[in-house]
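Printed here is my_file-v4.tsv (TSV, N, CA and C atoms):
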chain	number	residue	atom	x	y	z
C	8	MET	N	-1.36	-11.68	-21.58
C	8	MET	CA	-0.89	-11.42	-20.25
C	8	MET	C	-2.09	-11.27	-19.32
C	9	LYS	N	-2.03	-11.95	-18.20
C	9	LYS	CA	-3.13	-11.90	-17.23
C	9	LYS	C	-3.15	-10.56	-16.52
C	10	THR	N	-4.36	-10.01	-16.38
C	10	THR	CA	-4.51	-8.79	-15.59
C	10	THR	C	-5.39	-9.10	-14.38
C	11	TYR	N	-5.16	-8.37	-13.33
C	11	TYR	CA	-5.85	-8.54	-12.06
C	11	TYR	C	-6.71	-7.32	-11.78
C	12	THR	N	-7.73	-7.51	-10.98
C	12	THR	CA	-8.55	-6.40	-10.49
C	12	THR	C	-7.97	-5.97	-9.15
C	13	VAL	N	-7.62	-4.70	-9.03
C	13	VAL	CA	-7.03	-4.17	-7.80
C	13	VAL	C	-8.14	-3.56	-6.96
C	14	LYS	N	-8.22	-4.02	-5.71
C	14	LYS	CA	-9.22	-3.53	-4.77
C	14	LYS	C	-8.51	-2.97	-3.55
C	15	ILE	N	-8.94	-1.80	-3.11
C	15	ILE	CA	-8.30	-1.13	-1.98
C	15	ILE	C	-9.24	-1.18	-0.78
C	16	THR	N	-8.74	-1.70	0.33
C	16	THR	CA	-9.57	-1.80	1.53
C	16	THR	C	-9.77	-0.42	2.16
C	17	PRO	N	-10.80	-0.29	2.99
C	17	PRO	CA	-11.01	0.98	3.69
C	17	PRO	C	-9.79	1.39	4.52
C	18	ALA	N	-9.11	0.42	5.14
C	18	ALA	CA	-7.93	0.74	5.95
C	18	ALA	C	-6.82	1.34	5.08
C	19	ALA	N	-6.62	0.79	3.89
C	19	ALA	CA	-5.60	1.32	2.99
C	19	ALA	C	-5.98	2.71	2.50
C	20	LEU	N	-7.25	2.94	2.23
C	20	LEU	CA	-7.71	4.28	1.83
C	20	LEU	C	-7.48	5.28	2.96
C	21	ASP	N	-7.77	4.86	4.20
C	21	ASP	CA	-7.53	5.72	5.36
C	21	ASP	C	-6.04	6.05	5.47
C	22	ASP	N	-5.19	5.05	5.23
C	22	ASP	CA	-3.74	5.27	5.27
C	22	ASP	C	-3.33	6.32	4.23
C	23	MET	N	-3.86	6.19	3.02
C	23	MET	CA	-3.52	7.13	1.95
C	23	MET	C	-3.95	8.55	2.31
C	24	GLU	N	-5.15	8.67	2.87
C	24	GLU	CA	-5.64	9.99	3.27
C	24	GLU	C	-4.80	10.58	4.40
C	25	ALA	N	-4.37	9.73	5.34
C	25	ALA	CA	-3.54	10.18	6.45
C	25	ALA	C	-2.16	10.63	5.95
C	26	ILE	N	-1.61	9.92	4.99
C	26	ILE	CA	-0.32	10.31	4.41
C	26	ILE	C	-0.45	11.68	3.76
C	27	TYR	N	-1.49	11.86	2.96
C	27	TYR	CA	-1.70	13.15	2.30
C	27	TYR	C	-1.86	14.26	3.35
C	28	ALA	N	-2.71	14.02	4.34
C	28	ALA	CA	-2.98	15.04	5.36
C	28	ALA	C	-1.71	15.41	6.12
C	29	TYR	N	-0.88	14.43	6.44
C	29	TYR	CA	0.35	14.69	7.18
C	29	TYR	C	1.32	15.53	6.35
C	30	VAL	N	1.56	15.12	5.13
C	30	VAL	CA	2.52	15.85	4.28
C	30	VAL	C	1.99	17.24	3.95
C	31	ALA	N	0.72	17.34	3.63
C	31	ALA	CA	0.14	18.64	3.27
C	31	ALA	C	0.02	19.56	4.48
C	32	GLY	N	-0.40	19.00	5.62
C	32	GLY	CA	-0.66	19.82	6.80
C	32	GLY	C	0.55	19.99	7.69
C	33	ALA	N	1.03	18.91	8.27
C	33	ALA	CA	2.13	18.99	9.23
C	33	ALA	C	3.43	19.45	8.58
C	34	LEU	N	3.68	19.00	7.37
C	34	LEU	CA	4.91	19.39	6.68
C	34	LEU	C	4.71	20.62	5.79
C	35	LYS	N	3.46	21.07	5.71
C	35	LYS	CA	3.10	22.26	4.92
C	35	LYS	C	3.61	22.18	3.48
C	36	ALA	N	3.36	21.02	2.87
C	36	ALA	CA	3.80	20.79	1.50
C	36	ALA	C	2.68	20.15	0.69
C	37	PRO	N	1.63	20.91	0.39
C	37	PRO	CA	0.49	20.32	-0.32
C	37	PRO	C	0.83	19.80	-1.72
C	38	ASN	N	1.73	20.46	-2.42
C	38	ASN	CA	2.11	19.98	-3.76
C	38	ASN	C	2.86	18.66	-3.66
C	39	ALA	N	3.75	18.56	-2.68
C	39	ALA	CA	4.49	17.31	-2.46
C	39	ALA	C	3.53	16.21	-2.02
C	40	ALA	N	2.52	16.58	-1.21
C	40	ALA	CA	1.53	15.60	-0.75
C	40	ALA	C	0.75	15.03	-1.92
C	41	ALA	N	0.34	15.89	-2.82
C	41	ALA	CA	-0.41	15.44	-4.00
C	41	ALA	C	0.45	14.56	-4.89
C	42	ALA	N	1.71	14.95	-5.07
C	42	ALA	CA	2.61	14.16	-5.91
C	42	ALA	C	2.87	12.79	-5.30
C	43	LEU	N	3.07	12.75	-3.99
C	43	LEU	CA	3.30	11.47	-3.30
C	43	LEU	C	2.07	10.59	-3.38
C	44	TYR	N	0.91	11.17	-3.12
C	44	TYR	CA	-0.35	10.43	-3.19
C	44	TYR	C	-0.51	9.81	-4.58
C	45	ASN	N	-0.27	10.61	-5.60
C	45	ASN	CA	-0.42	10.13	-6.97
C	45	ASN	C	0.60	9.04	-7.30
C	46	LYS	N	1.80	9.17	-6.80
C	46	LYS	CA	2.83	8.16	-7.05
C	46	LYS	C	2.45	6.83	-6.40
C	47	ILE	N	1.98	6.88	-5.17
C	47	ILE	CA	1.56	5.64	-4.48
C	47	ILE	C	0.35	5.05	-5.19
C	48	ALA	N	-0.62	5.90	-5.55
C	48	ALA	CA	-1.82	5.41	-6.25
C	48	ALA	C	-1.46	4.76	-7.57
C	49	SER	N	-0.54	5.36	-8.29
C	49	SER	CA	-0.10	4.79	-9.57
C	49	SER	C	0.57	3.43	-9.38
C	50	ALA	N	1.39	3.32	-8.34
C	50	ALA	CA	2.05	2.04	-8.05
C	50	ALA	C	1.01	0.98	-7.70
C	51	ILE	N	-0.01	1.38	-6.95
C	51	ILE	CA	-1.08	0.45	-6.59
C	51	ILE	C	-1.82	0.00	-7.85
C	52	GLU	N	-2.16	0.93	-8.71
C	52	GLU	CA	-2.83	0.59	-9.97
C	52	GLU	C	-1.98	-0.37	-10.80
C	53	GLY	N	-0.66	-0.22	-10.73
C	53	GLY	CA	0.25	-1.07	-11.47
C	53	GLY	C	0.29	-2.51	-10.99
C	54	LEU	N	-0.33	-2.77	-9.85
C	54	LEU	CA	-0.39	-4.15	-9.35
C	54	LEU	C	-1.35	-5.01	-10.17
C	55	ASN	N	-2.03	-4.40	-11.12
C	55	ASN	CA	-2.95	-5.17	-11.97
C	55	ASN	C	-2.20	-6.11	-12.92
C	56	ILE	N	-0.91	-5.89	-13.08
C	56	ILE	CA	-0.09	-6.77	-13.92
C	56	ILE	C	1.05	-7.33	-13.08
C	57	PHE	N	1.15	-8.64	-13.04
C	57	PHE	CA	2.21	-9.37	-12.34
C	57	PHE	C	2.40	-8.92	-10.89
C	58	PRO	N	1.35	-9.00	-10.07
C	58	PRO	CA	1.49	-8.59	-8.67
C	58	PRO	C	2.38	-9.53	-7.85
C	59	GLU	N	2.69	-10.69	-8.39
C	59	GLU	CA	3.54	-11.64	-7.68
C	59	GLU	C	5.02	-11.26	-7.76
C	60	ARG	N	5.33	-10.12	-8.33
C	60	ARG	CA	6.72	-9.71	-8.52
C	60	ARG	C	7.43	-9.36	-7.21
C	61	THR	N	6.69	-9.19	-6.14
C	61	THR	CA	7.31	-8.86	-4.86
C	61	THR	C	7.35	-10.08	-3.95
C	62	ARG	N	8.16	-9.99	-2.93
C	62	ARG	CA	8.35	-11.08	-1.98
C	62	ARG	C	7.10	-11.33	-1.14
C	63	GLU	N	6.81	-12.59	-0.86
C	63	GLU	CA	5.70	-12.93	0.03
C	63	GLU	C	6.21	-13.04	1.45
C	64	TYR	N	5.49	-12.44	2.38
C	64	TYR	CA	5.88	-12.46	3.79
C	64	TYR	C	5.33	-13.66	4.54
C	65	GLY	N	4.32	-14.27	4.03
C	65	GLY	CA	3.62	-15.34	4.73
C	65	GLY	C	2.15	-14.99	4.77
C	66	GLY	N	1.34	-16.00	4.74
C	66	GLY	CA	-0.09	-15.76	4.75
C	66	GLY	C	-0.56	-15.05	3.49
C	67	GLY	N	0.28	-15.07	2.45
C	67	GLY	CA	-0.09	-14.44	1.19
C	67	GLY	C	0.15	-12.95	1.12
C	68	LEU	N	0.65	-12.35	2.20
C	68	LEU	CA	0.86	-10.91	2.23
C	68	LEU	C	2.16	-10.53	1.51
C	69	ARG	N	2.08	-9.52	0.65
C	69	ARG	CA	3.22	-9.04	-0.12
C	69	ARG	C	3.43	-7.55	0.16
C	70	ARG	N	4.64	-7.08	-0.18
C	70	ARG	CA	5.00	-5.68	0.11
C	70	ARG	C	5.63	-5.03	-1.13
C	71	LEU	N	5.08	-3.88	-1.50
C	71	LEU	CA	5.61	-3.06	-2.58
C	71	LEU	C	6.08	-1.76	-1.96
C	72	THR	N	7.32	-1.38	-2.20
C	72	THR	CA	7.87	-0.15	-1.63
C	72	THR	C	7.75	0.99	-2.63
C	73	VAL	N	7.23	2.12	-2.16
C	73	VAL	CA	7.11	3.34	-2.95
C	73	VAL	C	7.67	4.48	-2.10
C	74	ASN	N	8.82	5.01	-2.53
C	74	ASN	CA	9.53	6.00	-1.72
C	74	ASN	C	9.75	5.41	-0.33
C	75	SER	N	9.29	6.07	0.71
C	75	SER	CA	9.48	5.57	2.08
C	75	SER	C	8.25	4.85	2.60
C	76	TYR	N	7.36	4.46	1.72
C	76	TYR	CA	6.10	3.84	2.12
C	76	TYR	C	6.03	2.40	1.62
C	77	SER	N	5.33	1.58	2.38
C	77	SER	CA	5.14	0.17	2.02
C	77	SER	C	3.68	-0.09	1.77
C	78	VAL	N	3.38	-0.63	0.60
C	78	VAL	CA	2.03	-1.02	0.23
C	78	VAL	C	1.94	-2.53	0.48
C	79	PHE	N	1.08	-2.94	1.40
C	79	PHE	CA	0.89	-4.35	1.71
C	79	PHE	C	-0.37	-4.84	1.02
C	80	TYR	N	-0.26	-5.98	0.37
C	80	TYR	CA	-1.39	-6.49	-0.40
C	80	TYR	C	-1.37	-8.02	-0.46
C	81	LYS	N	-2.52	-8.57	-0.85
C	81	LYS	CA	-2.67	-10.01	-1.06
C	81	LYS	C	-3.20	-10.25	-2.46
C	82	VAL	N	-2.76	-11.35	-3.05
C	82	VAL	CA	-3.25	-11.77	-4.36
C	82	VAL	C	-4.13	-12.99	-4.14
C	83	GLU	N	-5.38	-12.89	-4.58
C	83	GLU	CA	-6.32	-14.00	-4.45
C	83	GLU	C	-7.04	-14.18	-5.78
C	84	LYS	N	-6.73	-15.28	-6.43
C	84	LYS	CA	-7.28	-15.59	-7.75
C	84	LYS	C	-6.99	-14.46	-8.72
C	85	SER	N	-8.00	-13.75	-9.19
C	85	SER	CA	-7.80	-12.66	-10.15
C	85	SER	C	-7.86	-11.29	-9.51
C	86	ASP	N	-7.79	-11.24	-8.17
C	86	ASP	CA	-7.91	-9.98	-7.45
C	86	ASP	C	-6.66	-9.68	-6.64
C	87	VAL	N	-6.36	-8.41	-6.52
C	87	VAL	CA	-5.31	-7.92	-5.65
C	87	VAL	C	-5.99	-7.04	-4.60
C	88	TYR	N	-5.79	-7.37	-3.33
C	88	TYR	CA	-6.39	-6.60	-2.24
C	88	TYR	C	-5.29	-5.81	-1.53
C	89	VAL	N	-5.34	-4.50	-1.64
C	89	VAL	CA	-4.40	-3.64	-0.93
C	89	VAL	C	-4.95	-3.47	0.47
C	90	VAL	N	-4.19	-3.93	1.48
C	90	VAL	CA	-4.71	-3.93	2.84
C	90	VAL	C	-4.20	-2.78	3.69
C	91	ARG	N	-2.97	-2.31	3.45
C	91	ARG	CA	-2.44	-1.17	4.21
C	91	ARG	C	-1.37	-0.46	3.39
C	92	VAL	N	-1.18	0.82	3.69
C	92	VAL	CA	-0.09	1.62	3.14
C	92	VAL	C	0.57	2.29	4.34
C	93	LEU	N	1.79	1.86	4.68
C	93	LEU	CA	2.44	2.30	5.92
C	93	LEU	C	3.76	3.00	5.65
C	94	TYR	N	4.08	3.95	6.53
C	94	TYR	CA	5.35	4.65	6.45
C	94	TYR	C	6.46	3.71	6.88
C	95	GLY	N	7.53	3.72	6.14
C	95	GLY	CA	8.63	2.79	6.37
C	95	GLY	C	9.33	2.94	7.70
C	96	ALA	N	9.32	4.14	8.29
C	96	ALA	CA	10.00	4.35	9.56
C	96	ALA	C	9.12	3.96	10.75
C	97	SER	N	7.86	3.63	10.49
C	97	SER	CA	7.00	3.18	11.58
C	97	SER	C	7.38	1.75	11.93
C	98	ASP	N	6.83	1.24	12.99
C	98	ASP	CA	7.16	-0.12	13.43
C	98	ASP	C	6.46	-1.12	12.51
C	99	ILE	N	7.07	-1.33	11.33
C	99	ILE	CA	6.48	-2.17	10.29
C	99	ILE	C	6.23	-3.59	10.79
C	100	GLU	N	7.20	-4.17	11.48
C	100	GLU	CA	7.05	-5.56	11.92
C	100	GLU	C	5.84	-5.73	12.83
C	101	LYS	N	5.67	-4.82	13.77
C	101	LYS	CA	4.52	-4.89	14.69
C	101	LYS	C	3.22	-4.72	13.92
C	102	ARG	N	3.19	-3.73	13.04
C	102	ARG	CA	1.98	-3.48	12.27
C	102	ARG	C	1.71	-4.62	11.29
C	103	LEU	N	2.77	-5.19	10.74
C	103	LEU	CA	2.62	-6.32	9.83
C	103	LEU	C	2.04	-7.53	10.56
C	104	ASN	N	2.50	-7.78	11.78
C	104	ASN	CA	1.93	-8.88	12.56
C	104	ASN	C	0.45	-8.67	12.82
C	105	ASN	N	0.05	-7.43	13.09
C	105	ASN	CA	-1.36	-7.13	13.29
C	105	ASN	C	-2.18	-7.40	12.04
C	106	ILE	N	-1.63	-7.04	10.87
C	106	ILE	CA	-2.31	-7.29	9.61
C	106	ILE	C	-2.49	-8.78	9.40
C	107	MET	N	-1.44	-9.56	9.63
C	107	MET	CA	-1.48	-10.98	9.39
C	107	MET	C	-2.41	-11.71	10.35
C	108	LYS	N	-2.52	-11.22	11.58
C	108	LYS	CA	-3.43	-11.82	12.57
C	108	LYS	C	-4.89	-11.67	12.15
C	109	ARG	N	-5.18	-10.54	11.51
C	109	ARG	CA	-6.57	-10.28	11.09
C	109	ARG	C	-6.95	-11.09	9.88
C	110	GLY	N	-5.95	-11.59	9.14
C	110	GLY	CA	-6.22	-12.41	7.96
C	110	GLY	C	-6.50	-11.57	6.82
Starting from the coordinates I provided, produce the structure as structure tokens.
Amino acid sequence: MKTYTVKITPAALDDMEAIYAYVAGALKAPNAAAALYNKIASAIEGLNIFPERTREYGGGLRRLTVNSYSVFYKVEKSDVYVVRVLYGASDIEKRLNNIMKRG
């Protein structure tokens, strides 16, 4: 079975840190923040096997849903690039268009 190398962009790391900070700080739920962070991180790590299992949006961008969050990524040869991790209630279409414009 082919395995891929998963790489997380700085923007995706910033998104993960912002998610943790919001849940831990604004919602005052640090344990829930840690659990959510770990769940998303685990799902991202799981992209090392069969990352093509999700739908392609165009331009090679794919979306994996974890709870209320969307992990956007691209598969290129033997690498998976996680480009953003966004909250599902945010304006996903607008943010998705911005991601795709940047390439």
query = Neighbours of stretch 83-100 of chain C within 12 Å (only C-alpha atoms; same-chain residues fewer than 5 positions away dropped), as a PyMOL selection string?
reply = chain C and resi 9-27+29-30+44+47-48+50-59+64+66-78+105-107+109-110
query = What is the atom CA of C:Ala42-atom CA of C:Thr61 distance in Å, reported with one decimal?
reply =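 Separation between atom CA of C:Ala42 and atom CA of C:Thr61: 23.5 Å.
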ask   = Quick one, how far is atom CA of C:Asn104 from atom CA of C:Ala41?
value = 29.5 Å
query = So how many Å separate atom C of C:Leu43 and atom N of C:Gly65, to one decimal?
reply =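 Taking atom C of C:Leu43 and atom N of C:Gly65, their separation equals 26.0 Å.
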request  = Write down as JSON, numbers by chain the residues of chain C whose backbone DSSP state falls under strand (DSSP E or B).
outcome  = {"C": [10, 12, 13, 14, 15, 56, 63, 64, 65, 68, 69, 70, 71, 72, 73, 76, 77, 78, 79, 80, 81, 82, 83, 86, 87, 88, 89, 90, 91, 92, 93, 94]}
